[in-house]
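Here is the file input.cif (mmCIF, C-alpha atoms and all ligand atoms).
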data_protein
#
loop_
_atom_site.label_atom_id
_atom_site.label_comp_id
_atom_site.auth_asym_id
_atom_site.auth_seq_id
_atom_site.Cartn_x
_atom_site.Cartn_y
_atom_site.Cartn_z
CA MET C 78 0.00 0.00 0.00
CA PRO C 79 1.17 3.55 -0.61
CA GLY C 80 3.29 4.89 2.18
CA GLN C 81 3.76 1.51 3.83
CA LYS C 82 7.24 0.46 4.76
CA GLN C 83 8.74 -1.98 2.26
CA THR C 84 10.29 -4.98 3.93
CA LYS C 85 11.41 -7.15 1.00
CA ARG C 86 14.38 -6.38 -1.21
CA PRO C 87 13.57 -4.20 -4.23
CA GLY C 88 13.32 -5.96 -7.56
CA VAL C 89 13.19 -9.41 -6.06
CA VAL C 90 10.13 -11.62 -6.14
CA PRO C 91 10.33 -14.32 -3.49
CA PRO C 92 10.83 -17.78 -5.02
CA GLY C 93 7.61 -19.66 -5.47
CA ARG C 94 5.47 -16.55 -5.84
CA PHE C 95 5.71 -16.05 -9.59
CA ASN C 96 2.36 -16.06 -11.35
CA PHE C 97 2.53 -16.96 -15.01
CA ARG C 98 0.28 -18.05 -17.82
CA ALA C 99 1.89 -20.69 -19.96
CA LEU C 100 1.06 -22.05 -23.37
CA THR C 101 0.65 -25.78 -23.79
CA SER C 102 1.77 -27.49 -26.98
CA SER C 103 -1.82 -27.54 -28.25
CA GLY C 104 -1.93 -23.75 -27.96
CA GLY C 105 -4.22 -24.00 -24.94
CA LEU C 106 -3.72 -22.25 -21.68
CA ARG C 107 -2.31 -23.40 -18.42
CA THR C 108 -2.50 -20.98 -15.57
CA ILE C 109 0.20 -21.72 -13.08
CA ALA C 110 0.07 -19.72 -9.90
CA GLN C 111 2.56 -19.78 -7.06
CA PHE C 112 5.03 -21.90 -8.93
CA PRO C 113 8.81 -21.54 -9.00
CA ARG C 114 9.67 -19.43 -12.03
CA ALA C 115 12.32 -21.81 -13.31
CA ALA C 116 9.74 -24.56 -13.56
CA ILE C 117 7.36 -22.40 -15.55
CA LEU C 118 9.38 -20.62 -18.19
CA PRO C 119 10.35 -23.82 -20.05
CA THR C 120 6.66 -24.58 -20.52
CA LEU C 121 6.19 -21.58 -22.77
CA GLU C 122 6.74 -23.72 -25.80
CA ILE C 123 6.85 -21.02 -28.43
CA TYR C 124 9.58 -19.30 -26.45
CA ALA C 125 11.68 -22.48 -26.10
CA PRO C 126 14.34 -21.37 -28.64
CA ILE C 127 14.94 -18.11 -26.75
CA ILE C 128 14.48 -19.28 -23.20
CA ALA C 129 17.99 -18.26 -22.11
CA ASP C 130 17.46 -14.82 -23.64
CA MET C 131 14.04 -14.49 -21.96
CA ASN C 132 15.60 -15.32 -18.59
CA ALA C 133 18.31 -12.73 -19.19
CA VAL C 134 15.63 -10.15 -20.06
CA ASP C 135 13.67 -11.07 -16.95
CA ALA C 136 16.75 -10.51 -14.77
CA LEU C 137 17.41 -7.19 -16.50
CA ILE C 138 13.83 -6.06 -15.96
CA ARG C 139 14.13 -6.76 -12.23
CA GLU C 140 17.43 -4.88 -12.06
CA ARG C 141 16.24 -1.87 -14.03
CA LEU C 142 13.05 -1.48 -11.99
CA HIS C 143 15.05 -0.15 -9.12
CA SER C 144 14.17 3.19 -7.56
CA ASP C 145 14.81 4.55 -4.10
CA VAL C 146 11.19 5.70 -4.00
CA VAL C 147 9.23 2.94 -2.30
CA LEU C 148 5.92 3.67 -4.02
CA ILE C 149 7.57 3.38 -7.43
CA ARG C 150 8.93 -0.04 -6.54
CA GLN C 151 5.60 -1.17 -5.16
CA VAL C 152 3.51 -0.15 -8.16
CA ALA C 153 6.07 -1.08 -10.82
CA GLU C 154 6.84 -4.47 -9.30
CA TYR C 155 3.15 -5.12 -8.78
CA ILE C 156 2.35 -4.79 -12.47
CA ILE C 157 5.58 -6.21 -13.90
CA HIS C 158 5.48 -9.32 -11.72
CA SER C 159 1.77 -9.97 -12.22
CA GLY C 160 2.45 -12.02 -15.33
CA GLY C 161 1.97 -10.89 -18.90
CA LYS C 162 2.85 -12.73 -22.04
CA ARG C 163 6.09 -10.81 -22.75
CA LEU C 164 5.29 -10.96 -26.46
CA ARG C 165 7.01 -7.74 -27.48
CA PRO C 166 10.39 -8.58 -25.92
CA ALA C 167 10.13 -12.04 -27.47
CA LEU C 168 9.71 -10.37 -30.85
CA VAL C 169 12.96 -8.39 -30.47
CA LEU C 170 14.79 -11.57 -29.47
CA PHE C 171 13.34 -13.81 -32.19
CA VAL C 172 14.07 -11.38 -35.02
CA ALA C 173 17.60 -10.63 -33.76
CA ASN C 174 18.32 -14.36 -33.47
CA ALA C 175 16.73 -15.18 -36.81
CA LEU C 176 19.16 -12.72 -38.40
CA GLY C 177 22.19 -14.14 -36.61
CA TYR C 178 22.76 -11.39 -34.02
CA GLN C 179 25.59 -12.33 -31.64
CA GLY C 180 25.73 -9.50 -29.07
CA SER C 181 23.68 -8.87 -25.92
CA GLN C 182 22.06 -5.49 -26.62
CA HIS C 183 18.87 -7.29 -27.66
CA HIS C 184 18.29 -8.03 -23.97
CA GLU C 185 18.35 -4.33 -23.09
CA LEU C 186 16.03 -3.43 -25.97
CA ALA C 187 13.65 -6.28 -25.16
CA ALA C 188 13.40 -4.92 -21.61
CA VAL C 189 12.88 -1.42 -23.03
CA VAL C 190 9.86 -2.46 -25.11
CA GLU C 191 8.36 -4.34 -22.15
CA PHE C 192 8.75 -1.21 -19.98
CA ILE C 193 7.10 0.93 -22.64
CA HIS C 194 4.29 -1.64 -22.94
CA THR C 195 3.85 -1.75 -19.15
CA SER C 196 3.77 2.00 -18.93
CA THR C 197 1.04 2.20 -21.61
CA LEU C 198 -0.96 -0.43 -19.68
CA LEU C 199 -0.75 1.62 -16.47
CA HIS C 200 -2.01 4.67 -18.34
CA ASP C 201 -4.57 2.72 -20.37
CA ASP C 202 -6.23 1.23 -17.29
CA VAL C 203 -6.67 4.70 -15.83
CA VAL C 204 -8.17 6.03 -19.08
CA ASP C 205 -10.37 2.93 -19.55
CA GLU C 206 -11.29 2.88 -15.84
CA SER C 207 -10.46 -0.85 -15.81
CA ASP C 208 -10.16 -2.65 -12.50
CA LEU C 209 -8.90 -6.09 -13.53
CA ARG C 210 -5.67 -6.95 -15.37
CA ARG C 211 -3.65 -10.17 -15.47
CA GLY C 212 -6.18 -11.67 -13.09
CA ASN C 213 -5.48 -9.10 -10.40
CA LYS C 214 -6.79 -5.70 -9.45
CA THR C 215 -5.36 -3.04 -11.76
CA ALA C 216 -2.72 -0.76 -10.27
CA ASN C 217 -5.19 2.15 -10.45
CA ALA C 218 -7.78 0.15 -8.51
CA LEU C 219 -5.20 -0.70 -5.87
CA PHE C 220 -2.96 2.37 -5.66
CA GLY C 221 -5.15 5.05 -7.30
CA ASN C 222 -5.03 6.91 -10.61
CA ALA C 223 -2.32 9.37 -9.64
CA ALA C 224 0.16 6.66 -8.60
CA SER C 225 -0.55 4.69 -11.78
CA VAL C 226 -0.03 7.63 -14.11
CA LEU C 227 3.13 8.78 -12.34
CA VAL C 228 4.72 5.33 -12.12
CA GLY C 229 3.77 4.85 -15.79
CA ASP C 230 5.81 7.99 -16.49
CA PHE C 231 8.68 6.57 -14.42
CA LEU C 232 8.73 3.36 -16.48
CA TYR C 233 8.54 5.35 -19.70
CA SER C 234 11.49 7.51 -18.81
CA ARG C 235 13.45 4.55 -17.41
CA ALA C 236 12.92 2.88 -20.79
CA PHE C 237 14.46 5.93 -22.44
CA GLN C 238 17.47 5.88 -20.08
CA MET C 239 18.03 2.24 -21.03
CA MET C 240 17.55 2.94 -24.72
CA VAL C 241 20.17 5.71 -24.65
CA SER C 242 22.65 3.31 -23.05
CA VAL C 243 22.55 1.25 -26.27
CA ASP C 244 24.00 4.33 -27.98
CA ASN C 245 22.59 3.73 -31.45
CA MET C 246 20.90 6.65 -33.24
CA ARG C 247 18.65 4.41 -35.40
CA VAL C 248 17.40 2.64 -32.28
CA MET C 249 16.59 5.97 -30.65
CA GLN C 250 14.79 7.19 -33.78
CA VAL C 251 12.64 4.05 -33.96
CA LEU C 252 11.64 4.19 -30.30
CA ALA C 253 11.07 7.95 -30.25
CA GLU C 254 8.78 7.63 -33.26
CA ALA C 255 6.96 4.58 -31.91
CA THR C 256 6.18 6.13 -28.52
CA ASN C 257 4.96 9.31 -30.16
CA ILE C 258 2.63 7.39 -32.50
CA ILE C 259 1.35 5.25 -29.60
CA ALA C 260 0.41 8.43 -27.72
CA GLU C 261 -1.31 9.75 -30.86
CA GLY C 262 -3.23 6.49 -31.15
CA GLU C 263 -4.45 6.72 -27.57
CA VAL C 264 -5.65 10.29 -28.13
CA LEU C 265 -7.30 9.33 -31.44
CA GLN C 266 -9.08 6.54 -29.61
CA LEU C 267 -10.27 9.02 -27.00
CA LEU C 268 -11.74 11.13 -29.80
CA ASN C 269 -13.47 8.07 -31.28
CA CYS C 270 -15.06 7.02 -27.99
CA HIS C 271 -18.86 7.41 -28.02
CA ASP C 272 -18.76 8.02 -31.78
CA ALA C 273 -20.95 5.40 -33.48
CA ASP C 274 -19.99 6.67 -36.96
CA VAL C 275 -16.35 5.56 -36.79
CA THR C 276 -15.47 3.63 -39.96
CA VAL C 277 -13.44 0.44 -40.32
CA ASP C 278 -10.54 2.59 -41.56
CA GLY C 279 -10.85 4.89 -38.55
CA TYR C 280 -10.81 1.85 -36.25
CA LEU C 281 -7.77 0.37 -38.01
CA GLN C 282 -5.88 3.64 -37.79
CA VAL C 283 -6.29 3.66 -34.01
CA ILE C 284 -5.15 0.09 -33.46
CA ARG C 285 -2.18 0.42 -35.81
CA CYS C 286 -1.03 3.39 -33.75
CA LYS C 287 -1.86 2.34 -30.20
CA THR C 288 -0.84 -1.32 -30.43
CA ALA C 289 0.77 -2.42 -33.71
CA LYS C 290 3.36 0.36 -33.72
CA LEU C 291 5.18 -1.13 -30.70
CA PHE C 292 5.15 -4.60 -32.28
CA GLU C 293 6.56 -3.00 -35.43
CA ALA C 294 9.28 -1.23 -33.45
CA ALA C 295 10.17 -4.43 -31.57
CA ALA C 296 10.64 -6.45 -34.76
CA ARG C 297 12.49 -3.60 -36.49
CA LEU C 298 14.88 -3.22 -33.53
CA GLY C 299 15.84 -6.90 -33.77
CA ALA C 300 16.72 -6.34 -37.43
CA ILE C 301 18.64 -3.11 -36.75
CA LEU C 302 20.76 -4.74 -34.04
CA ALA C 303 21.57 -7.60 -36.40
CA GLY C 304 22.75 -5.05 -38.98
CA ALA C 305 20.14 -6.19 -41.51
CA PRO C 306 19.93 -4.29 -44.83
CA PRO C 307 16.75 -2.25 -45.58
CA GLU C 308 15.31 -5.06 -47.76
CA ILE C 309 15.24 -7.28 -44.65
CA GLU C 310 14.55 -4.62 -41.99
CA GLN C 311 11.37 -3.39 -43.71
CA PRO C 312 9.70 -6.82 -44.01
CA MET C 313 10.52 -7.43 -40.32
CA ALA C 314 8.82 -4.12 -39.45
CA ASP C 315 5.85 -5.11 -41.68
CA PHE C 316 5.68 -8.44 -39.88
CA GLY C 317 5.46 -6.64 -36.52
CA MET C 318 2.83 -4.20 -37.79
CA HIS C 319 0.55 -6.95 -39.18
CA LEU C 320 1.08 -9.18 -36.14
CA GLY C 321 0.22 -6.32 -33.79
CA THR C 322 -2.87 -5.43 -35.80
CA ALA C 323 -4.10 -9.04 -35.71
CA PHE C 324 -3.30 -9.16 -31.99
CA GLN C 325 -5.40 -6.07 -31.16
CA ILE C 326 -8.29 -7.17 -33.42
CA ILE C 327 -8.45 -10.42 -31.43
CA ASP C 328 -8.18 -8.46 -28.18
CA ASP C 329 -11.32 -6.65 -29.28
CA VAL C 330 -13.04 -9.99 -30.02
CA LEU C 331 -12.05 -11.28 -26.58
CA ASP C 332 -13.69 -8.27 -24.96
CA TYR C 333 -17.04 -9.80 -26.06
CA SER C 334 -16.30 -13.49 -25.90
CA ALA C 335 -13.48 -14.44 -23.57
CA ASP C 336 -13.38 -16.38 -20.38
CA GLU C 337 -12.35 -13.78 -17.81
CA SER C 338 -10.33 -16.35 -15.89
CA GLU C 339 -8.18 -16.83 -19.00
CA THR C 340 -7.69 -13.21 -20.11
CA GLY C 341 -7.49 -11.89 -16.56
CA LYS C 342 -9.54 -8.88 -17.78
CA HIS C 343 -13.24 -8.03 -17.50
CA LEU C 344 -15.54 -8.64 -20.44
CA GLY C 345 -17.38 -5.58 -21.69
CA ASP C 346 -14.73 -2.99 -20.77
CA ASP C 347 -14.75 -1.69 -24.36
CA LEU C 348 -18.52 -1.26 -24.44
CA ALA C 349 -18.45 0.41 -21.03
CA GLU C 350 -16.07 3.00 -22.51
CA GLY C 351 -18.19 3.41 -25.67
CA LYS C 352 -15.35 2.12 -27.90
CA PRO C 353 -16.49 1.55 -31.49
CA THR C 354 -14.47 -1.62 -32.13
CA LEU C 355 -14.76 -3.86 -35.21
CA PRO C 356 -17.41 -6.26 -33.80
CA LEU C 357 -19.71 -3.29 -33.15
CA ILE C 358 -19.01 -1.64 -36.51
CA HIS C 359 -19.90 -4.92 -38.24
CA ALA C 360 -23.05 -5.40 -36.16
CA MET C 361 -24.19 -1.89 -37.13
CA GLN C 362 -23.51 -2.57 -40.82
CA HIS C 363 -25.46 -5.86 -40.85
CA GLY C 364 -28.01 -5.73 -38.02
CA THR C 365 -31.74 -5.04 -38.14
CA SER C 366 -32.74 -1.43 -37.62
CA ALA C 367 -33.56 -2.22 -33.98
CA GLN C 368 -30.10 -3.75 -33.49
CA VAL C 369 -28.40 -0.81 -35.17
CA ALA C 370 -30.26 1.57 -32.87
CA CYS C 371 -29.31 -0.49 -29.81
CA VAL C 372 -25.60 -0.68 -30.68
CA ARG C 373 -25.52 3.02 -31.58
CA HIS C 374 -27.12 3.90 -28.25
CA ALA C 375 -24.69 1.65 -26.35
CA ILE C 376 -21.66 3.29 -27.99
CA GLU C 377 -23.00 6.78 -27.45
CA SER C 378 -23.93 6.30 -23.82
CA GLY C 379 -21.31 3.75 -22.70
CA GLY C 380 -21.87 1.70 -19.54
CA ARG C 381 -22.70 -1.97 -19.17
CA GLU C 382 -26.52 -1.98 -19.20
CA ASP C 383 -26.81 -2.80 -22.92
CA PHE C 384 -24.18 -5.56 -22.88
CA SER C 385 -26.54 -8.51 -23.36
CA THR C 386 -28.58 -6.91 -26.18
CA VAL C 387 -25.39 -5.79 -27.91
CA LEU C 388 -24.03 -9.31 -27.54
CA GLU C 389 -27.16 -10.66 -29.21
CA ALA C 390 -26.67 -8.27 -32.15
CA ILE C 391 -23.03 -9.38 -32.35
CA GLN C 392 -24.11 -13.03 -32.39
CA THR C 393 -26.88 -12.78 -34.99
CA THR C 394 -24.70 -10.72 -37.37
CA ARG C 395 -21.78 -13.14 -36.86
CA ALA C 396 -19.66 -10.13 -36.07
CA LEU C 397 -17.01 -12.08 -34.16
CA ASP C 398 -16.42 -14.46 -37.10
CA PHE C 399 -16.09 -11.46 -39.40
CA THR C 400 -13.66 -9.80 -36.98
CA ARG C 401 -11.60 -12.99 -36.54
CA ASN C 402 -11.37 -13.27 -40.35
CA HIS C 403 -10.00 -9.77 -40.47
CA ALA C 404 -7.36 -10.76 -37.92
CA ARG C 405 -6.58 -13.86 -39.99
CA THR C 406 -5.92 -11.68 -43.07
CA GLU C 407 -3.49 -9.56 -41.06
CA ALA C 408 -1.77 -12.66 -39.67
CA ASP C 409 -1.39 -14.01 -43.22
CA LEU C 410 0.26 -10.75 -44.27
CA ALA C 411 2.58 -11.07 -41.27
CA THR C 412 3.48 -14.61 -42.30
CA ALA C 413 4.14 -13.53 -45.88
CA ALA C 414 6.59 -10.87 -44.67
CA LEU C 415 8.73 -13.60 -43.08
CA GLN C 416 9.59 -15.06 -46.49
CA VAL C 417 12.82 -13.06 -46.56
CA LEU C 418 14.17 -14.95 -43.53
CA PRO C 419 16.34 -18.02 -43.94
CA PRO C 420 14.93 -21.19 -42.35
CA SER C 421 15.59 -21.45 -38.59
CA ILE C 422 13.91 -22.40 -35.33
CA PHE C 423 13.48 -18.66 -34.71
CA LYS C 424 11.64 -18.16 -37.98
CA ASP C 425 9.41 -21.15 -37.10
CA ALA C 426 8.61 -19.53 -33.77
CA LEU C 427 7.70 -16.24 -35.46
CA LEU C 428 5.33 -18.19 -37.72
CA GLU C 429 3.80 -19.78 -34.61
CA LEU C 430 3.38 -16.34 -33.07
CA SER C 431 1.23 -15.20 -35.99
CA GLU C 432 -0.97 -18.27 -35.47
CA PHE C 433 -1.13 -17.54 -31.76
CA ALA C 434 -2.21 -13.93 -32.40
CA VAL C 435 -5.39 -15.21 -34.08
CA ALA C 436 -6.06 -18.42 -32.12
CA ARG C 437 -5.37 -17.04 -28.68
CA CYS C 438 -7.91 -17.03 -25.89
CA PHE C 439 -5.81 -14.94 -23.48
C1 LIG C 501 -2.57 -5.91 -23.74
O1 LIG C 501 -1.45 -6.51 -24.31
C2 LIG C 501 -2.82 -4.61 -24.45
C3 LIG C 501 -3.12 -4.78 -25.88
C4 LIG C 501 -2.40 -4.23 -26.79
C5 LIG C 501 -4.27 -5.56 -26.28
P1 LIG C 501 -1.02 -7.98 -23.92
O2 LIG C 501 -2.19 -8.91 -24.12
O3 LIG C 501 0.24 -8.33 -24.62
O4 LIG C 501 -0.76 -7.83 -22.36
P2 LIG C 501 0.09 -8.74 -21.37
O5 LIG C 501 1.41 -8.06 -21.26
O6 LIG C 501 0.19 -10.13 -21.92
O7 LIG C 501 -0.68 -8.70 -20.08
C1 LIG C 502 -4.72 -1.60 -25.89
O1 LIG C 502 -6.08 -1.46 -25.95
C2 LIG C 502 -4.14 -0.47 -25.14
C3 LIG C 502 -2.72 -0.23 -25.32
C4 LIG C 502 -2.08 -0.30 -26.44
C5 LIG C 502 -2.01 0.18 -24.12
P1 LIG C 502 -7.08 -2.06 -24.88
O2 LIG C 502 -7.61 -0.99 -24.00
O3 LIG C 502 -8.07 -2.90 -25.63
O4 LIG C 502 -6.16 -3.02 -24.03
P2 LIG C 502 -6.70 -3.85 -22.79
O5 LIG C 502 -7.87 -4.67 -23.29
O6 LIG C 502 -7.09 -2.87 -21.74
O7 LIG C 502 -5.53 -4.72 -22.41
MG MG C 503 -7.85 -0.97 -21.91
MG MG C 504 -8.92 -4.68 -24.88
#
As structure tokens - that is how I would like this structure written.
Amino acid sequence: MPGQKQTKRPGVVPPGRFNFRALTSSGGLRTIAQFPRAAILPTLEIYAPIIADMNAVDALIRERLHSDVVLIRQVAEYIIHSGGKRLRPALVLFVANALGYQGSQHHELAAVVEFIHTSTLLHDDVVDESDLRRGNKTANALFGNAASVLVGDFLYSRAFQMMVSVDNMRVMQVLAEATNIIAEGEVLQLLNCHDADVTVDGYLQVIRCKTAKLFEAAARLGAILAGAPPEIEQPMADFGMHLGTAFQIIDDVLDYSADESETGKHLGDDLAEGKPTLPLIHAMQHGTSAQVACVRHAIESGGREDFSTVLEAIQTTRALDFTRNHARTEADLATAALQVLPPSIFKDALLELSEFAVARCF
């Protein structure tokens, strides 16, 4: 709690307290709580080829979280150690490895993108007024909005300190641009909230900025570190952009269809905020006039009262199938971009990641 005296060492999670969600070989989910970390990480089968790198990134994250300010440690450790799929750091590592990178700067940059991601989550949960993330109370629900926003800023600026330590102008350009576009995407989304006339293109513009841009940056950074020429770097960036777009489209499907115990987030958060996501846009394009009026009203007024009627409109117009197909098209474009890579276990894992982005249920 804020202001309370911290008794454990900063940056250290006691053994046996790590809470992780692990993929099984069938792509299903295993939730493993209170398990020693070493016993869990190897079960993330897609990450198997980079497990040593992922462990190195994990150690770096713990180290770089340090601050003398107790509240920063409490909030930052709370969110960072609450789980999370660590997809964006994995992307940096897979692309760097697939292109034969031999150094260790990919660990620092992987930690940087996870810090940026975590910081956007802290801010996003305040803006979205969400109270559940990764199966736990959100940081804003537990510590308050002010602490969440300010510790989000701390993580953001710590990410920039780490990025500068890599001392590579291209890396700095990519991350400076990505973070700026992400912020633009969040503001664009704010403008779109409660607007039932948002088009598919308007929706796609938001998700490319707020989510896919960081995936793009992560994949591009792996290529830059490996010294890849532009004709390889650009397809890697395209891969990240399409993967991230598919990933967010499915996130928006899961907001209407998931099992909360698997996503660790509440259903209906998007509707509560009046977000015109693709399932709703489709339902308005194909529903009866009564359904169109209901969905329009739900977007314009927000809240959770209309959730079941909106869900019915989504079901009868098969809006989730349509939306999943859209994600599938993006994942196929991601896969196609990988053609420039030579065969390797890392390339295979990137291919699996594009499947995961569409098939995932968490
Ligand atoms: C959540 O991202 C925010 C979105 C872009 C949808 P993730 O689903 O990758 O979040 P964690 O890190 O695994 O919790
Ligand atoms: C992703 O959008 C937000 C960020 C890119 C930070 P959402 O608002 O849908 O993400 P969740 O569902 O809260 O994780
Ligand atoms: Mg949100
Ligand atoms: Mg969401």
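Of note, CA of Met361 (chain C) and CA of Ala349 (chain C) are spaced 17.2 Å apart.
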Show me, as a PDB file with C-alpha atoms, keeping the file's coordinate frame, the residues that have an atom within 10 Å of Gly321 (chain C) when counting all atoms listed in the file, minus same-chain residues fewer than 6 positions from it.
ATOM      1  CA  ARG C 165       7.010  -7.740 -27.480  1.00  0.00           C
ATOM      2  CA  ILE C 284      -5.150   0.090 -33.460  1.00  0.00           C
ATOM      3  CA  ARG C 285      -2.180   0.420 -35.810  1.00  0.00           C
ATOM      4  CA  CYS C 286      -1.030   3.390 -33.750  1.00  0.00           C
ATOM      5  CA  LYS C 287      -1.860   2.340 -30.200  1.00  0.00           C
ATOM      6  CA  THR C 288      -0.840  -1.320 -30.430  1.00  0.00           C
ATOM      7  CA  ALA C 289       0.770  -2.420 -33.710  1.00  0.00           C
ATOM      8  CA  LYS C 290       3.360   0.360 -33.720  1.00  0.00           C
ATOM      9  CA  LEU C 291       5.180  -1.130 -30.700  1.00  0.00           C
ATOM     10  CA  PHE C 292       5.150  -4.600 -32.280  1.00  0.00           C
ATOM     11  CA  GLU C 293       6.560  -3.000 -35.430  1.00  0.00           C
ATOM     12  CA  ASP C 315       5.850  -5.110 -41.680  1.00  0.00           C
ATOM     13  CA  ILE C 327      -8.450 -10.420 -31.430  1.00  0.00           C
ATOM     14  CA  ALA C 404      -7.360 -10.760 -37.920  1.00  0.00           C
ATOM     15  CA  GLU C 407      -3.490  -9.560 -41.060  1.00  0.00           C
ATOM     16  CA  ALA C 408      -1.770 -12.660 -39.670  1.00  0.00           C
ATOM     17  CA  ALA C 411       2.580 -11.070 -41.270  1.00  0.00           C
ATOM     18  CA  SER C 431       1.230 -15.200 -35.990  1.00  0.00           C
ATOM     19  CA  ALA C 434      -2.210 -13.930 -32.400  1.00  0.00           C
TER      20      ALA C 434
END
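Between CA of Cys270 (chain C) and CA of Gln362 (chain C) the separation is 18.1 Å.
The residue that comes closest to His143 (chain C), out of C:Gly317, C:Ala294, C:Arg235, C:Ile309 and on the basis of all atoms listed in the file, is C:Arg235.
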Give me the residues near Leu410 (chain C) as a PyMOL selection string, where near means some atom within 10 Å (using all atoms listed in the file) and where sequence neighbours in that chain fewer than 4 positions away do not count.
chain C and resi 315-316+318-320+323+404-406+414-415+431
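For the pair CA of Leu164 (chain C) and CA of Ala187 (chain C), the interatomic distance is 9.7 Å.
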Which residues form the shell of 10 Å around ligand MG 503 (chain C) when you count only C-alpha atoms and all ligand atoms, given as a count of residues only?
22
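Distances here use all atoms listed in the file; by that measure, the residue among C:Leu232, C:Leu137, C:Leu142, C:Ile326 closest to ligand LIG 501 (chain C) is C:Ile326.
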As an mmCIF file, in the coordinates of the input, the rebuilt region 304-319 of chain C with N, CA and C atoms:
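Below is the file that was written, result-v6.cif:
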data_model
loop_
_atom_site.group_PDB
_atom_site.id
_atom_site.type_symbol
_atom_site.label_atom_id
_atom_site.label_comp_id
_atom_site.auth_asym_id
_atom_site.auth_seq_id
_atom_site.Cartn_x
_atom_site.Cartn_y
_atom_site.Cartn_z
ATOM 1 N N GLY C 304 22.107 -5.699 -37.836
ATOM 2 C CA GLY C 304 22.750 -5.050 -38.980
ATOM 3 C C GLY C 304 22.109 -5.450 -40.309
ATOM 4 N N ALA C 305 20.812 -5.739 -40.289
ATOM 5 C CA ALA C 305 20.140 -6.190 -41.510
ATOM 6 C C ALA C 305 20.014 -5.036 -42.519
ATOM 7 N N PRO C 306 20.117 -5.323 -43.810
ATOM 8 C CA PRO C 306 19.930 -4.290 -44.830
ATOM 9 C C PRO C 306 18.454 -3.895 -44.905
ATOM 10 N N PRO C 307 18.144 -2.734 -45.534
ATOM 11 C CA PRO C 307 16.750 -2.250 -45.580
ATOM 12 C C PRO C 307 15.784 -3.284 -46.157
ATOM 13 N N GLU C 308 16.243 -4.096 -47.125
ATOM 14 C CA GLU C 308 15.310 -5.060 -47.760
ATOM 15 C C GLU C 308 14.953 -6.219 -46.818
ATOM 16 N N ILE C 309 15.635 -6.310 -45.680
ATOM 17 C CA ILE C 309 15.240 -7.280 -44.650
ATOM 18 C C ILE C 309 14.556 -6.539 -43.495
ATOM 19 N N GLU C 310 15.110 -5.377 -43.129
ATOM 20 C CA GLU C 310 14.550 -4.620 -41.990
ATOM 21 C C GLU C 310 13.083 -4.279 -42.239
ATOM 22 N N GLN C 311 12.753 -3.829 -43.455
ATOM 23 C CA GLN C 311 11.370 -3.390 -43.710
ATOM 24 C C GLN C 311 10.366 -4.543 -43.597
ATOM 25 N N PRO C 312 10.644 -5.719 -44.211
ATOM 26 C CA PRO C 312 9.700 -6.820 -44.010
ATOM 27 C C PRO C 312 9.558 -7.227 -42.537
ATOM 28 N N MET C 313 10.639 -7.107 -41.752
ATOM 29 C CA MET C 313 10.520 -7.430 -40.320
ATOM 30 C C MET C 313 9.581 -6.429 -39.633
ATOM 31 N N ALA C 314 9.721 -5.148 -40.007
ATOM 32 C CA ALA C 314 8.820 -4.120 -39.450
ATOM 33 C C ALA C 314 7.380 -4.409 -39.897
ATOM 34 N N ASP C 315 7.212 -4.795 -41.170
ATOM 35 C CA ASP C 315 5.850 -5.110 -41.680
ATOM 36 C C ASP C 315 5.277 -6.295 -40.912
ATOM 37 N N PHE C 316 6.129 -7.285 -40.657
ATOM 38 C CA PHE C 316 5.680 -8.440 -39.880
ATOM 39 C C PHE C 316 5.116 -7.965 -38.529
ATOM 40 N N GLY C 317 5.890 -7.126 -37.836
ATOM 41 C CA GLY C 317 5.460 -6.640 -36.520
ATOM 42 C C GLY C 317 4.152 -5.860 -36.619
ATOM 43 N N MET C 318 4.043 -5.011 -37.630
ATOM 44 C CA MET C 318 2.830 -4.200 -37.790
ATOM 45 C C MET C 318 1.596 -5.083 -38.008
ATOM 46 N N HIS C 319 1.717 -6.078 -38.907
ATOM 47 C CA HIS C 319 0.550 -6.950 -39.180
ATOM 48 C C HIS C 319 0.241 -7.843 -37.972
#
